[in-house]
Amino acid sequence: MKYKLIAEYYEKDITDLLFNPDLPGTAGGATPPFTNVANIQNQGVDANVTYYGNVNSEFDYTFTVNFTSYKNEIVKITDDIEWFGVDSRRWSEDIVRNEVGQSVSSFYGYKILQILNQSRRN
């Protein structure tokens with residue numbers, strides 16, 4: 001019997017994330033320029049344990065278990081904007097937002113406490 005353990009930790013800081021924000025309607029149909037808008041931090045852990053065994057001299061087997069944890073967070077956005085998002089074109093508001101303290105491209109919406117069913121059965 002033989003075991004093998006591999007574990008990795010990583011952390012990466014990304015500065016000056018490029019994004020092309022929407023231009024106001026008065027700008028016409030011009031393509032907005034890319035600007036530096038945010039700093040992001042990525043952290044993660046990858047680990048796996050492998051077990052090598054054999055039943056007899058002719059039959060070997062390997063069993064592996066993987067574990068992965070990943071987190072990213074926006075740590076800073078430029079001073080002139082609170083958040084930036086992806087225009088969904090189907091909704092009145094952006095449903096994907098990027099703001100400080102949240103993960104990149106987080107879904108934005110309202111929490112639902114309860115759905116009331118008004119139909120009655122006799």
# chains A, B, ... in the order shown; residues from 1 in each chain; ligands from 1
$ residues_around --residues "Tyr61 of chain A" --least-positions-apart "4" --cutoff "9 Å" --atoms "only C-alpha atoms" --output "ChimeraX atom specification"
/A:51-55
$ write_last_selection --atoms "N, CA and C atoms" --output "PDB file, in the first residue's frame"
ATOM      1  N   TYR A  51      -4.318   6.791  -3.288  1.00  0.00           N
ATOM      2  CA  TYR A  51      -3.992   5.516  -2.652  1.00  0.00           C
ATOM      3  C   TYR A  51      -3.724   4.496  -3.758  1.00  0.00           C
ATOM      4  N   TYR A  52      -2.584   3.864  -3.681  1.00  0.00           N
ATOM      5  CA  TYR A  52      -2.210   2.820  -4.640  1.00  0.00           C
ATOM      6  C   TYR A  52      -2.286   1.477  -3.921  1.00  0.00           C
ATOM      7  N   GLY A  53      -2.995   0.529  -4.489  1.00  0.00           N
ATOM      8  CA  GLY A  53      -3.105  -0.785  -3.861  1.00  0.00           C
ATOM      9  C   GLY A  53      -3.146  -1.883  -4.906  1.00  0.00           C
ATOM     10  N   ASN A  54      -3.126  -3.102  -4.424  1.00  0.00           N
ATOM     11  CA  ASN A  54      -3.233  -4.240  -5.335  1.00  0.00           C
ATOM     12  C   ASN A  54      -3.972  -5.378  -4.634  1.00  0.00           C
ATOM     13  N   VAL A  55      -4.715  -6.111  -5.447  1.00  0.00           N
ATOM     14  CA  VAL A  55      -5.438  -7.273  -4.946  1.00  0.00           C
ATOM     15  C   VAL A  55      -4.519  -8.488  -4.975  1.00  0.00           C
TER      16      VAL A  55
END
$ atom_distance --atom1 "atom CA of Asp46 of chain A" --atom2 "atom CA of Arg97 of chain A"
27.4 Å
$ closest_residue --among "A:Phe84, A:Tyr3, A:Tyr70, A:Tyr110" --to "Gln41 of chain A" --atoms "only C-alpha atoms"
A:Tyr70
$ select_by_dssp --residues "chain A" --states "strand (DSSP E or B)" --output "NGL selection string"
:A and (2-19 or 35-56 or 59-77 or 83-86 or 96-99 or 106-107)
